[in-house]
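As provided, query33.cif (mmCIF, C-alpha atoms) reads as follows.
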data_protein
loop_
_atom_site.label_atom_id
_atom_site.label_comp_id
_atom_site.auth_asym_id
_atom_site.auth_seq_id
_atom_site.Cartn_x
_atom_site.Cartn_y
_atom_site.Cartn_z
CA PRO A 1 -7.24 19.30 -29.46
CA PRO A 2 -3.69 18.43 -28.30
CA PRO A 3 -2.22 15.00 -29.16
CA CYS A 4 -2.74 13.74 -25.60
CA ALA A 5 -6.49 14.41 -25.90
CA ARG A 6 -6.74 12.36 -29.08
CA ALA A 7 -5.01 9.43 -27.33
CA SER A 8 -7.24 9.56 -24.23
CA PRO A 9 -9.94 6.88 -23.91
CA PRO A 10 -13.58 8.02 -23.70
CA GLU A 11 -13.73 7.25 -19.98
CA ILE A 12 -11.04 9.89 -19.33
CA ALA A 13 -12.00 12.36 -22.06
CA ARG A 14 -15.54 12.78 -20.70
CA GLU A 15 -14.07 14.18 -17.48
CA ALA A 16 -12.44 17.09 -19.33
CA GLY A 17 -13.49 20.56 -18.26
CA THR A 18 -13.85 22.36 -14.97
CA SER A 19 -15.32 20.89 -11.81
CA LEU A 20 -15.75 21.99 -8.20
CA LYS A 21 -14.90 19.81 -5.22
CA HIS A 22 -15.44 20.46 -1.53
CA SER A 23 -14.18 17.84 0.90
CA ALA A 24 -13.17 17.34 4.51
CA THR A 25 -10.31 15.03 5.46
CA ALA A 26 -9.33 13.66 8.86
CA GLY A 27 -6.85 11.01 9.84
CA VAL A 28 -4.57 9.44 12.39
CA LEU A 29 -0.92 8.88 11.41
CA TRP A 30 1.76 7.51 13.70
CA ASN A 31 4.49 8.86 11.39
CA GLY A 32 7.12 6.40 12.58
CA CYS A 33 6.71 7.20 16.29
CA PHE A 34 6.90 3.52 17.22
CA VAL A 35 9.79 2.30 15.05
CA ASP A 36 13.52 2.54 15.64
CA ASP A 37 14.14 4.38 12.35
CA ARG A 38 11.42 6.17 10.41
CA TYR A 39 13.08 5.62 7.00
CA ASP A 40 14.84 2.28 7.57
CA PRO A 41 12.90 0.48 10.31
CA THR A 42 14.11 -2.81 11.77
CA MET A 43 11.96 -2.92 14.90
CA GLY A 44 8.51 -1.60 15.84
CA CYS A 45 5.19 -0.90 14.17
CA ASP A 46 3.52 1.91 12.24
CA ALA A 47 -0.05 2.67 11.15
CA HIS A 48 -2.26 5.26 9.50
CA LEU A 49 -5.98 5.78 8.87
CA VAL A 50 -7.40 8.60 6.72
CA GLY A 51 -11.00 9.39 5.84
CA GLU A 52 -12.41 11.89 3.36
CA VAL A 53 -15.95 13.03 2.57
CA ALA A 54 -16.71 15.17 -0.48
CA GLY A 55 -20.06 16.83 -1.00
CA PRO A 56 -22.02 19.98 -1.81
CA PRO A 57 -21.46 22.65 -2.79
CA GLY A 58 -19.66 21.10 -5.72
CA ASP A 59 -19.80 18.52 -8.49
CA VAL A 60 -18.28 15.58 -6.59
CA GLY A 61 -19.70 13.42 -3.83
CA PHE A 62 -18.09 10.44 -2.17
CA ALA A 63 -16.92 8.89 1.10
CA LYS A 64 -13.38 7.51 1.13
CA LEU A 65 -11.47 5.53 3.74
CA LYS A 66 -7.98 4.12 3.51
CA GLY A 67 -5.46 2.87 6.02
CA GLY A 68 -2.61 0.52 6.67
CA CYS A 69 -0.19 -0.89 9.20
CA SER A 70 3.27 -2.43 9.24
CA TRP A 71 5.39 -4.49 11.61
CA HIS A 72 9.16 -4.96 11.86
CA PHE A 73 10.69 -7.61 14.11
CA PRO A 74 14.39 -8.61 14.49
CA VAL A 75 15.03 -12.36 14.25
CA GLU A 76 17.86 -11.97 16.76
CA LEU A 77 15.29 -10.79 19.32
CA LEU A 78 13.28 -13.94 18.70
CA ARG A 79 16.38 -16.01 19.38
CA GLY A 80 17.00 -14.10 22.59
CA MET A 81 13.42 -14.71 23.71
CA ALA A 82 13.62 -18.42 22.91
CA PHE A 83 17.10 -19.22 24.26
CA GLY A 84 17.83 -16.36 26.66
CA VAL A 85 20.17 -13.39 26.25
CA ASP A 86 23.77 -14.30 25.61
CA GLY A 87 26.21 -13.28 28.32
CA ASP A 88 28.23 -11.23 25.83
CA ASP A 89 25.16 -9.26 24.67
CA ASP A 90 24.04 -5.96 26.18
CA GLY A 91 20.42 -7.13 26.45
CA SER A 92 19.23 -5.40 23.29
CA GLY A 93 18.97 -8.59 21.27
CA TYR A 94 21.67 -7.50 18.81
CA VAL A 95 25.24 -8.69 18.42
CA ASP A 96 28.28 -6.48 17.89
CA ASP A 97 30.30 -6.86 14.71
CA ASP A 98 33.25 -8.15 16.80
CA ASP A 99 31.15 -11.11 17.93
CA GLU A 100 29.73 -11.83 14.48
CA GLU A 101 31.91 -14.88 13.86
CA GLU A 102 30.50 -16.56 16.98
CA HIS A 103 26.93 -16.40 15.68
CA SER A 104 25.08 -17.56 12.60
CA PRO A 105 25.56 -14.95 9.84
CA THR A 106 22.05 -15.72 8.57
CA VAL A 107 20.53 -14.55 11.86
CA ILE A 108 22.59 -11.49 12.83
CA GLY A 109 20.68 -8.34 11.86
CA THR A 110 17.94 -10.24 10.03
CA THR A 111 14.57 -8.52 10.32
CA LEU A 112 11.09 -9.70 9.36
CA HIS A 113 8.78 -7.09 7.83
CA SER A 114 5.07 -7.20 7.06
CA SER A 115 2.51 -4.64 5.98
CA PHE A 116 -1.09 -4.37 4.88
CA ASN A 117 -2.89 -1.45 3.23
CA CYS A 118 -6.45 -1.16 1.97
CA GLY A 119 -9.01 1.41 0.93
CA VAL A 120 -12.62 1.78 -0.14
CA ILE A 121 -14.52 4.62 -1.79
CA ARG A 122 -18.28 5.02 -2.23
CA PRO A 123 -20.04 7.61 -4.43
CA LEU A 124 -22.66 9.79 -2.74
CA THR A 125 -25.38 11.97 -4.28
CA PHE A 126 -26.67 13.75 -1.16
CA ASN A 127 -30.24 13.35 -2.44
CA GLY A 128 -29.42 14.80 -5.84
CA LEU A 129 -27.36 17.78 -4.66
CA VAL A 130 -24.29 16.18 -6.26
CA GLY A 131 -24.66 14.37 -9.59
CA ASN A 132 -28.05 12.65 -9.70
CA ASP A 133 -29.71 9.75 -7.95
CA ASN A 134 -29.06 7.37 -10.83
CA ASP A 135 -25.47 8.21 -11.67
CA SER A 136 -22.83 9.50 -9.28
CA VAL A 137 -19.36 8.66 -10.54
CA VAL A 138 -16.20 9.24 -8.51
CA PRO A 139 -13.68 11.20 -10.66
CA SER A 140 -10.60 9.28 -11.73
CA SER A 141 -8.38 11.70 -9.79
CA ASP A 142 -9.98 10.50 -6.53
CA ARG A 143 -9.95 6.75 -7.24
CA PHE A 144 -7.30 4.30 -6.11
CA PHE A 145 -4.34 3.37 -8.30
CA VAL A 146 -2.10 0.45 -7.36
CA GLY A 147 1.34 -0.58 -8.61
CA GLY A 148 4.96 0.45 -8.48
CA PRO A 149 7.79 0.00 -5.96
CA GLY A 150 6.05 2.05 -3.27
CA GLN A 151 2.94 -0.15 -3.32
CA LEU A 152 3.21 -3.39 -5.26
CA ARG A 153 6.70 -4.30 -6.45
CA GLY A 154 7.02 -5.91 -9.84
CA PHE A 155 4.31 -3.80 -11.49
CA MET A 156 4.35 -0.43 -13.21
CA PRO A 157 2.81 2.53 -11.35
CA ALA A 158 -0.97 2.10 -11.69
CA GLY A 159 -0.13 -1.16 -13.43
CA ILE A 160 -2.98 -3.23 -12.04
CA GLY A 161 -6.70 -2.54 -11.78
CA PRO A 162 -9.43 -1.41 -14.20
CA ARG A 163 -8.16 -0.26 -17.59
CA ALA A 164 -9.60 1.39 -20.68
CA SER A 165 -9.70 -0.48 -23.95
CA ARG A 166 -7.11 1.90 -25.38
CA GLY A 167 -4.67 4.58 -24.27
CA GLY A 168 -1.30 6.12 -24.85
CA SER A 169 1.36 4.20 -26.77
CA SER A 170 3.51 3.97 -23.61
CA VAL A 171 0.73 2.34 -21.55
CA PRO A 172 0.37 -1.42 -22.11
CA GLY A 173 -3.23 -2.57 -22.15
CA GLY A 174 -4.80 0.88 -22.10
CA ASP A 175 -4.93 3.75 -19.62
CA ALA A 176 -5.55 2.99 -15.95
CA LEU A 177 -9.01 4.08 -14.80
CA GLY A 178 -8.61 3.52 -11.05
CA GLY A 179 -10.73 1.44 -8.71
CA ASP A 180 -12.93 1.90 -5.65
CA LEU A 181 -11.55 -0.99 -3.59
CA PHE A 182 -7.93 -2.07 -3.15
CA TYR A 183 -5.53 -3.88 -0.88
CA THR A 184 -1.78 -4.50 -0.86
CA SER A 185 0.19 -6.75 1.47
CA THR A 186 3.87 -7.48 1.95
CA LEU A 187 5.89 -10.13 3.74
CA ALA A 188 9.64 -9.54 3.61
CA ALA A 189 12.95 -10.29 5.28
CA SER A 190 16.09 -8.14 5.23
CA ILE A 191 19.67 -8.54 6.33
CA PRO A 192 22.63 -6.11 6.41
CA PHE A 193 25.35 -6.46 3.81
CA PRO A 194 28.25 -8.68 4.94
CA SER A 195 31.09 -6.92 6.76
CA TYR A 196 33.38 -7.01 3.70
CA PHE A 197 30.96 -4.54 2.06
CA ALA A 198 31.92 -2.07 4.77
CA LYS A 199 30.71 1.06 2.98
CA LEU A 200 27.27 -0.34 2.23
CA ARG A 201 26.93 -1.83 5.70
CA HIS A 202 27.97 1.42 7.39
CA ASN A 203 25.37 3.38 5.41
CA GLY A 204 22.53 1.04 6.36
CA ALA A 205 22.09 -0.76 3.02
CA ARG A 206 20.29 -4.09 3.36
CA LEU A 207 19.48 -7.13 1.20
CA PHE A 208 15.75 -7.85 0.86
CA GLY A 209 13.60 -10.81 -0.08
CA PHE A 210 9.87 -10.20 -0.39
CA ALA A 211 6.45 -11.48 -1.42
CA ASN A 212 3.72 -9.00 -2.39
CA ALA A 213 0.02 -9.54 -3.02
CA GLY A 214 -2.68 -7.05 -3.90
CA THR A 215 -5.35 -5.86 -6.28
CA CYS A 216 -7.49 -2.89 -7.26
CA VAL A 217 -11.05 -3.39 -8.51
CA ALA A 218 -14.08 -1.37 -9.59
CA THR A 219 -17.29 -2.50 -7.96
CA GLY A 220 -19.48 0.14 -9.59
CA GLY A 221 -20.31 1.87 -6.33
CA SER A 222 -21.88 -1.27 -4.86
CA LEU A 223 -19.73 -1.29 -1.75
CA LEU A 224 -22.15 -0.54 1.06
CA GLY A 225 -25.54 -1.26 -0.41
CA GLY A 226 -28.22 1.33 -1.13
CA GLN A 227 -30.11 2.52 -4.21
CA GLN A 228 -27.24 1.93 -6.59
CA SER A 229 -26.22 -1.35 -5.06
CA SER A 230 -27.19 -4.90 -5.75
CA SER A 231 -24.13 -6.29 -3.90
CA PRO A 232 -23.01 -4.82 -0.55
CA LEU A 233 -19.36 -4.73 0.52
CA LEU A 234 -19.43 -8.08 2.33
CA SER A 235 -21.25 -9.92 -0.45
CA LEU A 236 -19.76 -12.92 -2.22
CA PRO A 237 -19.62 -11.30 -5.72
CA VAL A 238 -17.45 -8.41 -4.49
CA TRP A 239 -14.95 -10.57 -2.63
CA SER A 240 -14.91 -13.14 -5.40
CA GLN A 241 -13.84 -10.32 -7.73
CA VAL A 242 -11.12 -9.29 -5.25
CA LEU A 243 -9.74 -12.82 -4.96
CA GLN A 244 -9.82 -13.56 -8.68
CA SER A 245 -8.01 -10.34 -9.58
CA SER A 246 -5.33 -10.52 -6.89
CA ARG A 247 -1.72 -10.48 -8.10
CA LEU A 248 1.37 -11.98 -6.45
CA THR A 249 5.04 -11.10 -6.90
CA VAL A 250 8.20 -12.43 -5.23
CA GLY A 251 11.74 -11.19 -5.42
#

Rewrite the structure of this file - the entire thing - as C-alpha cells.
Amino acid sequence: PPPCARASPPEIAREAGTSLKHSATAGVLWNGCFVDDRYDPTMGCDAHLVGEVAGPPGDVGFAKLKGGCSWHFPVELLRGMAFGVDGDDDGSGYVDDDDEEEHSPTVIGTTLHSSFNCGVIRPLTFNGLVGNDNDSVVPSSDRFFVGGPGQLRGFMPAGIGPRASRGGSSVPGGDALGGDLFYTSTLAASIPFPSYFAKLRHNGARLFGFANAGTCVATGGSLLGGQQSSSPLLSLPVWSQVLQSSRLTVG
C-alpha cells in the first residue's frame, strides 16, 4: 500500500474501496441579495439553508441539514437613529471623508457583524436497504468538519472535533474524523483604514476585531431518537457534550 495508507487510522482505512451514493439536495440561498456588497458587506443580512437525503439504491443513507445567517449593521446608522441625521449628511447614515474631522474617528465607517451556522446529520438504514439496522455509519466525506479562517478563526482547517488516536505526521492529535453536529458563531466589528492609508482605504481594506465560538461533535447517530438512539437531539447529554466541547477565540 502507499505511504498515506500506512499512516491512515483504522477509522479512515476501513472506508477504503468503492461505494455508491444516491442523494437529493435542495436549499434556499440568498447569495448576498440583501447586503450592500456580496464580498465585503457593511450593511444588510444574508442566509442559507440546505438539506440532503441519501438513500437506496446505494451504500449510504443519511439525512443532513445545515444552514446559517449573518447580519451587518453600520454604527453610524445607529447614531443617526439615536440622535437624528446630521444636516451635512445625505441621509444615508454615512459621512464623507471631507467631514471626517468633525466626527469621532472610532465611529465613522464602523460596522458590527454577526453570524451563526449550524448543521446536523442523521444516519438512515431505510429498513435495511442501506447498511443494516444495527450499524449505519455516515461516511467521513459527508460529515461536518470545522476549523480554519472560513469557519472558526484561530484553528487549523478541520482542527476541532472528533479525532483518531493517530494520523499523519503533519496532523497534531491525529486525523480529523468529522462530526454529526456542529455550530459556529461570530461577533465582530470592522473599521476602514485611516485616510493616511489611502491605497488600502480606497480598495476597501478594513481592520477587524472578532470573537468566535463553535464546536463539532459526534453523537453516534443519536440525534433524533429511534432504534439506534438512547439520547434524542434535545436531550441533556447531547447538549452537555456541545457546551463542554465548545471553543472560543478572539483576535

Could you write out as a list in words the residues that the PyMOL selection byres ((chain A and resi 58) around 8) matches in the shown file?
Ser19, Leu20, Lys21, His22, Gly55, Pro56, Pro57, Asp59, Val60, Gly61 and Val130 of chain A

By how many Å are atom CA of A:Asn127 and atom CA of A:Gln241 apart?
29.3 Å

Considering all atoms listed in the file, can you say which of A:Leu77, A:Ser246, A:Ala158, A:Val137 comes closest to A:Leu124?
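So, comparing all the options, the nearest one is A:Val137.
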
Gap from atom CA of A:Ser245 to atom CA of A:Gly150 - Å, one decimal:
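According to the coordinates, atom CA of A:Ser245 and atom CA of A:Gly150 are separated by 19.8 Å.
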
Given the file above and the PyMOL selection byres ((chain A and resi 242) around 10), which residues are selected, and can you give them as JSON, numbers by chain?
{"A": [181, 182, 183, 214, 215, 216, 217, 218, 219, 236, 237, 238, 239, 240, 241, 243, 244, 245, 246, 247]}

Selection export as an mmCIF file, keeping the file's coordinate frame, atoms kept: C-alpha atoms:
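And here's selection_30.cif as it stands now:
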data_model
loop_
_atom_site.group_PDB
_atom_site.id
_atom_site.type_symbol
_atom_site.label_atom_id
_atom_site.label_comp_id
_atom_site.auth_asym_id
_atom_site.auth_seq_id
_atom_site.Cartn_x
_atom_site.Cartn_y
_atom_site.Cartn_z
ATOM 1 C CA LEU A 181 -11.550 -0.990 -3.590
ATOM 2 C CA PHE A 182 -7.930 -2.070 -3.150
ATOM 3 C CA TYR A 183 -5.530 -3.880 -0.880
ATOM 4 C CA GLY A 214 -2.680 -7.050 -3.900
ATOM 5 C CA THR A 215 -5.350 -5.860 -6.280
ATOM 6 C CA CYS A 216 -7.490 -2.890 -7.260
ATOM 7 C CA VAL A 217 -11.050 -3.390 -8.510
ATOM 8 C CA ALA A 218 -14.080 -1.370 -9.590
ATOM 9 C CA THR A 219 -17.290 -2.500 -7.960
ATOM 10 C CA LEU A 236 -19.760 -12.920 -2.220
ATOM 11 C CA PRO A 237 -19.620 -11.300 -5.720
ATOM 12 C CA VAL A 238 -17.450 -8.410 -4.490
ATOM 13 C CA TRP A 239 -14.950 -10.570 -2.630
ATOM 14 C CA SER A 240 -14.910 -13.140 -5.400
ATOM 15 C CA GLN A 241 -13.840 -10.320 -7.730
ATOM 16 C CA LEU A 243 -9.740 -12.820 -4.960
ATOM 17 C CA GLN A 244 -9.820 -13.560 -8.680
ATOM 18 C CA SER A 245 -8.010 -10.340 -9.580
ATOM 19 C CA SER A 246 -5.330 -10.520 -6.890
ATOM 20 C CA ARG A 247 -1.720 -10.480 -8.100
#

One decimal, Å: what's the distance from atom CA of A:Ala198 over to atom CA of A:Asp37, could you say?
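Computing it gives 20.4 Å between the two atoms.
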